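So this one's protein-v8.pdb, PDB, C-alpha atoms:
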```
ATOM      1  CA  LEU A   1      41.387   0.944 -29.802  1.00  0.00           C
ATOM      2  CA  PHE A   2      40.978   4.455 -28.414  1.00  0.00           C
ATOM      3  CA  ASP A   3      44.044   5.101 -26.293  1.00  0.00           C
ATOM      4  CA  ASP A   4      43.886   7.744 -23.570  1.00  0.00           C
ATOM      5  CA  ASN A   5      46.180   8.449 -20.652  1.00  0.00           C
ATOM      6  CA  ALA A   6      43.489   7.711 -18.062  1.00  0.00           C
ATOM      7  CA  GLN A   7      41.492   4.957 -19.804  1.00  0.00           C
ATOM      8  CA  ASP A   8      41.476   2.883 -22.992  1.00  0.00           C
ATOM      9  CA  PHE A   9      38.323   1.940 -24.920  1.00  0.00           C
ATOM     10  CA  HIS A  10      37.832  -0.552 -27.740  1.00  0.00           C
ATOM     11  CA  ILE A  11      35.319  -1.496 -30.427  1.00  0.00           C
ATOM     12  CA  GLY A  12      35.616  -4.982 -31.828  1.00  0.00           C
ATOM     13  CA  LEU A  13      33.939  -8.092 -33.197  1.00  0.00           C
ATOM     14  CA  ASP A  14      33.713 -11.076 -30.864  1.00  0.00           C
ATOM     15  CA  ASP A  15      33.858 -13.940 -33.385  1.00  0.00           C
ATOM     16  CA  SER A  16      32.988 -16.582 -30.792  1.00  0.00           C
ATOM     17  CA  ALA A  17      29.556 -15.034 -30.231  1.00  0.00           C
ATOM     18  CA  ASP A  18      29.147 -12.943 -33.421  1.00  0.00           C
ATOM     19  CA  ASP A  19      28.781  -9.805 -31.275  1.00  0.00           C
ATOM     20  CA  LEU A  20      29.934  -6.246 -31.830  1.00  0.00           C
ATOM     21  CA  VAL A  21      31.387  -5.117 -28.502  1.00  0.00           C
ATOM     22  CA  ILE A  22      32.143  -1.626 -27.225  1.00  0.00           C
ATOM     23  CA  GLY A  23      34.078  -1.729 -24.006  1.00  0.00           C
ATOM     24  CA  LYS A  24      36.592  -0.447 -21.559  1.00  0.00           C
ATOM     25  CA  GLY A  25      40.167  -1.683 -21.769  1.00  0.00           C
ATOM     26  CA  SER A  26      42.807  -2.079 -24.420  1.00  0.00           C
ATOM     27  CA  ALA A  27      41.601  -5.387 -25.905  1.00  0.00           C
ATOM     28  CA  LEU A  28      38.459  -7.271 -26.801  1.00  0.00           C
ATOM     29  CA  GLY A  29      37.475  -9.595 -23.975  1.00  0.00           C
ATOM     30  CA  THR A  30      38.005  -7.026 -21.244  1.00  0.00           C
ATOM     31  CA  THR A  31      35.031  -5.102 -19.795  1.00  0.00           C
ATOM     32  CA  ALA A  32      32.086  -5.047 -22.243  1.00  0.00           C
ATOM     33  CA  ASN A  33      29.935  -1.909 -21.867  1.00  0.00           C
ATOM     34  CA  ILE A  34      27.634  -2.353 -24.898  1.00  0.00           C
ATOM     35  CA  VAL A  35      27.073  -5.604 -26.795  1.00  0.00           C
ATOM     36  CA  ILE A  36      25.181  -5.857 -30.105  1.00  0.00           C
ATOM     37  CA  ASP A  37      24.388  -9.385 -31.297  1.00  0.00           C
ATOM     38  CA  GLU A  38      23.956 -10.596 -34.884  1.00  0.00           C
ATOM     39  CA  ASN A  39      20.190  -9.884 -34.710  1.00  0.00           C
ATOM     40  CA  GLY A  40      20.653  -6.277 -33.575  1.00  0.00           C
ATOM     41  CA  HIS A  41      19.760  -6.848 -29.894  1.00  0.00           C
ATOM     42  CA  VAL A  42      21.619  -4.368 -27.704  1.00  0.00           C
ATOM     43  CA  THR A  43      22.546  -5.230 -24.117  1.00  0.00           C
ATOM     44  CA  LYS A  44      24.389  -3.180 -21.546  1.00  0.00           C
ATOM     45  CA  PRO A  45      25.993  -5.616 -19.088  1.00  0.00           C
ATOM     46  CA  LEU A  46      26.888  -2.854 -16.606  1.00  0.00           C
ATOM     47  CA  GLN A  47      23.480  -1.103 -16.662  1.00  0.00           C
ATOM     48  CA  PRO A  48      22.053  -0.857 -13.106  1.00  0.00           C
ATOM     49  CA  CYS A  49      19.162  -3.333 -12.739  1.00  0.00           C
ATOM     50  CA  PHE A  50      18.014  -5.418  -9.768  1.00  0.00           C
ATOM     51  CA  LEU A  51      15.184  -7.610  -8.472  1.00  0.00           C
ATOM     52  CA  GLY A  52      14.991  -8.522  -4.800  1.00  0.00           C
ATOM     53  CA  ARG A  53      12.399 -10.034  -2.498  1.00  0.00           C
ATOM     54  CA  ILE A  54      11.688 -10.763   1.144  1.00  0.00           C
ATOM     55  CA  GLY A  55      13.261 -14.155   1.807  1.00  0.00           C
ATOM     56  CA  SER A  56      10.669 -15.217   4.389  1.00  0.00           C
ATOM     57  CA  ASP A  57       7.619 -13.679   6.053  1.00  0.00           C
ATOM     58  CA  GLN A  58       8.395 -10.438   7.918  1.00  0.00           C
ATOM     59  CA  SER A  59       6.441  -9.811  11.127  1.00  0.00           C
ATOM     60  CA  ILE A  60       5.645  -6.140  11.535  1.00  0.00           C
ATOM     61  CA  SER A  61       4.658  -4.713  14.898  1.00  0.00           C
ATOM     62  CA  ALA A  62       4.456  -0.960  14.425  1.00  0.00           C
ATOM     63  CA  THR A  63       2.110   1.659  13.049  1.00  0.00           C
ATOM     64  CA  SER A  64       5.076   3.755  11.888  1.00  0.00           C
ATOM     65  CA  ALA A  65       7.015   3.371   8.648  1.00  0.00           C
ATOM     66  CA  THR A  66       8.795   0.002   8.496  1.00  0.00           C
ATOM     67  CA  THR A  67      11.529  -0.882   6.018  1.00  0.00           C
ATOM     68  CA  LEU A  68      10.711  -4.104   4.191  1.00  0.00           C
ATOM     69  CA  THR A  69      13.606  -6.565   4.436  1.00  0.00           C
ATOM     70  CA  ILE A  70      14.417  -7.142   0.770  1.00  0.00           C
ATOM     71  CA  ASP A  71      17.213  -9.574   1.602  1.00  0.00           C
ATOM     72  CA  THR A  72      17.195 -12.049  -1.298  1.00  0.00           C
ATOM     73  CA  GLU A  73      18.285 -11.072  -4.806  1.00  0.00           C
ATOM     74  CA  ARG A  74      17.055 -12.733  -7.978  1.00  0.00           C
ATOM     75  CA  PHE A  75      19.616 -10.606  -9.842  1.00  0.00           C
ATOM     76  CA  ASP A  76      21.666  -7.456  -9.315  1.00  0.00           C
ATOM     77  CA  GLN A  77      23.306  -6.661 -12.613  1.00  0.00           C
ATOM     78  CA  ASN A  78      25.666  -3.912 -11.446  1.00  0.00           C
ATOM     79  CA  ALA A  79      25.865  -4.771  -7.696  1.00  0.00           C
ATOM     80  CA  ASP A  80      24.016  -1.582  -6.670  1.00  0.00           C
ATOM     81  CA  PHE A  81      21.495  -3.198  -4.281  1.00  0.00           C
ATOM     82  CA  ASN A  82      22.569  -3.994  -0.711  1.00  0.00           C
ATOM     83  CA  THR A  83      20.684  -6.939   0.841  1.00  0.00           C
ATOM     84  CA  GLY A  84      22.058  -6.050   4.288  1.00  0.00           C
ATOM     85  CA  THR A  85      20.532  -2.549   4.318  1.00  0.00           C
ATOM     86  CA  TYR A  86      17.738  -3.338   1.769  1.00  0.00           C
ATOM     87  CA  THR A  87      18.854  -0.252  -0.168  1.00  0.00           C
ATOM     88  CA  PHE A  88      19.570   0.562  -3.810  1.00  0.00           C
ATOM     89  CA  THR A  89      22.305   3.174  -4.381  1.00  0.00           C
ATOM     90  CA  ALA A  90      22.354   4.977  -7.741  1.00  0.00           C
ATOM     91  CA  PRO A  91      25.796   4.696  -9.353  1.00  0.00           C
ATOM     92  CA  VAL A  92      25.086   7.571 -11.789  1.00  0.00           C
ATOM     93  CA  THR A  93      22.680  10.491 -12.087  1.00  0.00           C
ATOM     94  CA  GLY A  94      19.616   9.595 -14.141  1.00  0.00           C
ATOM     95  CA  ARG A  95      15.988   8.524 -14.271  1.00  0.00           C
ATOM     96  CA  TYR A  96      15.312   5.197 -12.577  1.00  0.00           C
ATOM     97  CA  MET A  97      12.191   3.061 -12.780  1.00  0.00           C
ATOM     98  CA  PHE A  98      11.221   1.302  -9.553  1.00  0.00           C
ATOM     99  CA  SER A  99       8.461  -1.224  -9.121  1.00  0.00           C
ATOM    100  CA  ALA A 100       7.281  -3.026  -6.010  1.00  0.00           C
ATOM    101  CA  PHE A 101       4.583  -5.471  -4.969  1.00  0.00           C
ATOM    102  CA  ALA A 102       3.772  -6.410  -1.381  1.00  0.00           C
ATOM    103  CA  SER A 103       1.370  -8.955   0.091  1.00  0.00           C
ATOM    104  CA  TYR A 104       0.192  -8.758   3.696  1.00  0.00           C
ATOM    105  CA  ASN A 105      -1.888 -10.968   5.941  1.00  0.00           C
ATOM    106  CA  ALA A 106      -3.371 -10.686   9.441  1.00  0.00           C
ATOM    107  CA  LEU A 107      -4.426  -7.082   8.834  1.00  0.00           C
ATOM    108  CA  THR A 108      -7.364  -5.654  10.783  1.00  0.00           C
ATOM    109  CA  ALA A 109     -10.378  -4.707   8.673  1.00  0.00           C
ATOM    110  CA  GLY A 110     -11.066  -0.990   8.410  1.00  0.00           C
ATOM    111  CA  THR A 111      -7.437   0.107   8.482  1.00  0.00           C
ATOM    112  CA  TYR A 112      -5.313   1.203   5.576  1.00  0.00           C
ATOM    113  CA  VAL A 113      -1.907   0.060   4.468  1.00  0.00           C
ATOM    114  CA  SER A 114       0.574   2.230   2.592  1.00  0.00           C
ATOM    115  CA  LEU A 115       3.379   0.855   0.425  1.00  0.00           C
ATOM    116  CA  PHE A 116       5.988   3.400  -0.513  1.00  0.00           C
ATOM    117  CA  ILE A 117       9.314   3.839  -2.242  1.00  0.00           C
ATOM    118  CA  GLU A 118      11.508   6.295  -0.385  1.00  0.00           C
ATOM    119  CA  THR A 119      14.329   7.924  -2.357  1.00  0.00           C
ATOM    120  CA  SER A 120      16.811  10.605  -1.368  1.00  0.00           C
ATOM    121  CA  ASN A 121      14.775  13.146  -3.380  1.00  0.00           C
ATOM    122  CA  ALA A 122      11.134  12.146  -2.758  1.00  0.00           C
ATOM    123  CA  THR A 123       8.760   9.549  -1.306  1.00  0.00           C
ATOM    124  CA  TYR A 124       6.150   7.859  -3.523  1.00  0.00           C
ATOM    125  CA  HIS A 125       3.040   6.303  -1.864  1.00  0.00           C
ATOM    126  CA  ALA A 126       0.402   3.737  -2.810  1.00  0.00           C
ATOM    127  CA  VAL A 127      -2.367   3.657  -0.180  1.00  0.00           C
ATOM    128  CA  GLY A 128      -5.083   1.027   0.081  1.00  0.00           C
ATOM    129  CA  ASP A 129      -8.051   0.264   2.344  1.00  0.00           C
ATOM    130  CA  VAL A 130      -8.171  -3.152   3.997  1.00  0.00           C
ATOM    131  CA  SER A 131     -11.930  -3.451   3.293  1.00  0.00           C
ATOM    132  CA  GLY A 132     -12.887  -6.261   5.692  1.00  0.00           C
ATOM    133  CA  ASN A 133     -10.242  -8.625   4.371  1.00  0.00           C
ATOM    134  CA  SER A 134      -7.257  -9.785   6.444  1.00  0.00           C
ATOM    135  CA  PHE A 135      -5.246 -10.351   3.243  1.00  0.00           C
ATOM    136  CA  ASN A 136      -4.146  -7.395   1.154  1.00  0.00           C
ATOM    137  CA  SER A 137      -1.696  -6.628  -1.630  1.00  0.00           C
ATOM    138  CA  GLN A 138      -0.400  -3.438  -3.188  1.00  0.00           C
ATOM    139  CA  SER A 139       1.837  -2.390  -6.018  1.00  0.00           C
ATOM    140  CA  ILE A 140       3.626   0.775  -7.023  1.00  0.00           C
ATOM    141  CA  THR A 141       5.682   1.816 -10.054  1.00  0.00           C
ATOM    142  CA  ILE A 142       7.452   5.124 -10.424  1.00  0.00           C
ATOM    143  CA  VAL A 143      10.115   6.803 -12.559  1.00  0.00           C
ATOM    144  CA  ALA A 144      12.268   8.759 -10.122  1.00  0.00           C
ATOM    145  CA  ASP A 145      15.075  11.236 -10.652  1.00  0.00           C
ATOM    146  CA  MET A 146      18.191  10.288  -8.751  1.00  0.00           C
ATOM    147  CA  ASP A 147      21.665  11.739  -8.425  1.00  0.00           C
ATOM    148  CA  THR A 148      24.850   9.729  -8.006  1.00  0.00           C
ATOM    149  CA  ASN A 149      24.831   8.021  -4.561  1.00  0.00           C
ATOM    150  CA  ASP A 150      21.130   8.729  -3.932  1.00  0.00           C
ATOM    151  CA  THR A 151      19.318   5.797  -2.350  1.00  0.00           C
ATOM    152  CA  ALA A 152      15.946   4.055  -2.652  1.00  0.00           C
ATOM    153  CA  LEU A 153      14.237   1.572  -0.363  1.00  0.00           C
ATOM    154  CA  LEU A 154      10.828   0.002   0.123  1.00  0.00           C
ATOM    155  CA  LYS A 155       8.699   0.726   3.204  1.00  0.00           C
ATOM    156  CA  ASN A 156       5.170   0.218   4.449  1.00  0.00           C
ATOM    157  CA  GLU A 157       2.923   1.583   7.149  1.00  0.00           C
ATOM    158  CA  THR A 158      -0.593   1.036   8.482  1.00  0.00           C
ATOM    159  CA  GLN A 159      -3.019   3.177  10.388  1.00  0.00           C
ATOM    160  CA  GLY A 160      -4.336   1.463  13.493  1.00  0.00           C
ATOM    161  CA  ASP A 161      -2.834  -2.008  12.938  1.00  0.00           C
ATOM    162  CA  SER A 162       0.337  -2.729  14.865  1.00  0.00           C
ATOM    163  CA  SER A 163       0.718  -6.445  14.174  1.00  0.00           C
ATOM    164  CA  TYR A 164       0.650  -8.060  10.740  1.00  0.00           C
ATOM    165  CA  THR A 165       2.897  -9.895   8.288  1.00  0.00           C
ATOM    166  CA  ALA A 166       4.529  -8.944   5.005  1.00  0.00           C
ATOM    167  CA  ARG A 167       4.570 -12.189   3.067  1.00  0.00           C
ATOM    168  CA  GLY A 168       7.920 -13.520   1.897  1.00  0.00           C
ATOM    169  CA  GLY A 169       9.043 -15.651  -1.001  1.00  0.00           C
ATOM    170  CA  THR A 170       7.836 -14.193  -4.276  1.00  0.00           C
ATOM    171  CA  ALA A 171       4.876 -12.458  -2.586  1.00  0.00           C
ATOM    172  CA  THR A 172       6.804  -9.228  -1.847  1.00  0.00           C
ATOM    173  CA  PHE A 173       9.437  -7.845  -4.218  1.00  0.00           C
ATOM    174  CA  PHE A 174      11.253  -4.651  -5.217  1.00  0.00           C
ATOM    175  CA  SER A 175      12.940  -3.962  -8.555  1.00  0.00           C
ATOM    176  CA  GLY A 176      14.617  -1.084 -10.318  1.00  0.00           C
ATOM    177  CA  CYS A 177      16.671  -0.119 -13.351  1.00  0.00           C
ATOM    178  CA  LEU A 178      18.271   2.912 -14.981  1.00  0.00           C
ATOM    179  CA  LEU A 179      16.096   4.174 -17.850  1.00  0.00           C
ATOM    180  CA  ALA A 180      17.803   7.356 -19.010  1.00  0.00           C
TER     181      ALA A 180
END
```
Would you kindly transcribe this structure into structure tokens?
Amino acid sequence: LFDDNAQDFHIGLDDSADDLVIGKGSALGTTANIVIDENGHVTKPLQPCFLGRIGSDQSISATSATTLTIDTERFDQNADFNTGTYTFTAPVTGRYMFSAFASYNALTAGTYVSLFIETSNATYHAVGDVSGNSFNSQSITIVADMDTNDTALLKNETQGDSSYTARGGTATFFSGCLLA
């Protein structure tokens, strides 16, 4: 036990799971920050990490940037993703990896579609041509620098096509995690 006026920390062995636990609080069994199992696997239960998707098809009727409605979570390890605003908020300053995949249908041939991750510090684009096919998909992965309370969200845009659909279910998703 490391006793401080503002906060206590502990290191201990959880015999029920054979885990070495480093955590916040005055006793084992309170908040676990780092867990090392008997095989040496290290997990961080409070590490920011999320995966969300569009719950159902999203009709898009604009040629301007449209926020994709990532309203269904598969997981949100540290509760940093808001399904009401479709936004991730960084709890700490660091480098975050974001990945997204979007599927569209009813696009007009000869236009382009742009999938992008917009953060407080920068916007990252993946642009593709809809080469004569009404179905299109795109992906993007980026490591972005973020400060505490910076945000990230997923958007798309087309040139010349004002009515199409971002496919829901597992066809369009957005994920992110703190790397360093």
Work out how far CA of Val35 (chain A) is from CA of Ala144 (chain A), in Å to one decimal. 26.5 Å
Find the distance between CA of Gly94 (chain A) and CA of Cys177 (chain A) and write it in Å to one decimal.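 Going from CA of Gly94 (chain A) over to CA of Cys177 (chain A), I get 10.2 Å.
We find CA of Ser175 (chain A) and CA of Gly52 (chain A) to be spaced 6.3 Å apart.
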Edge lengths and centre in Å to one decimal, as JSON, is what I'm after for the box along x, y and z that holds all listed atoms of region 75-83 of chain A once 3 Å is added on each side.
```
{"center_x": 22.7, "center_y": -6.1, "center_z": -5.9, "size_x": 12.2, "size_y": 15.0, "size_z": 19.5}
```
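The smallest atom-to-atom distance between Thr69 (chain A) and any of A:Leu153, A:Met146, A:Leu178, A:Ala90, using only C-alpha atoms, is found for A:Leu153.
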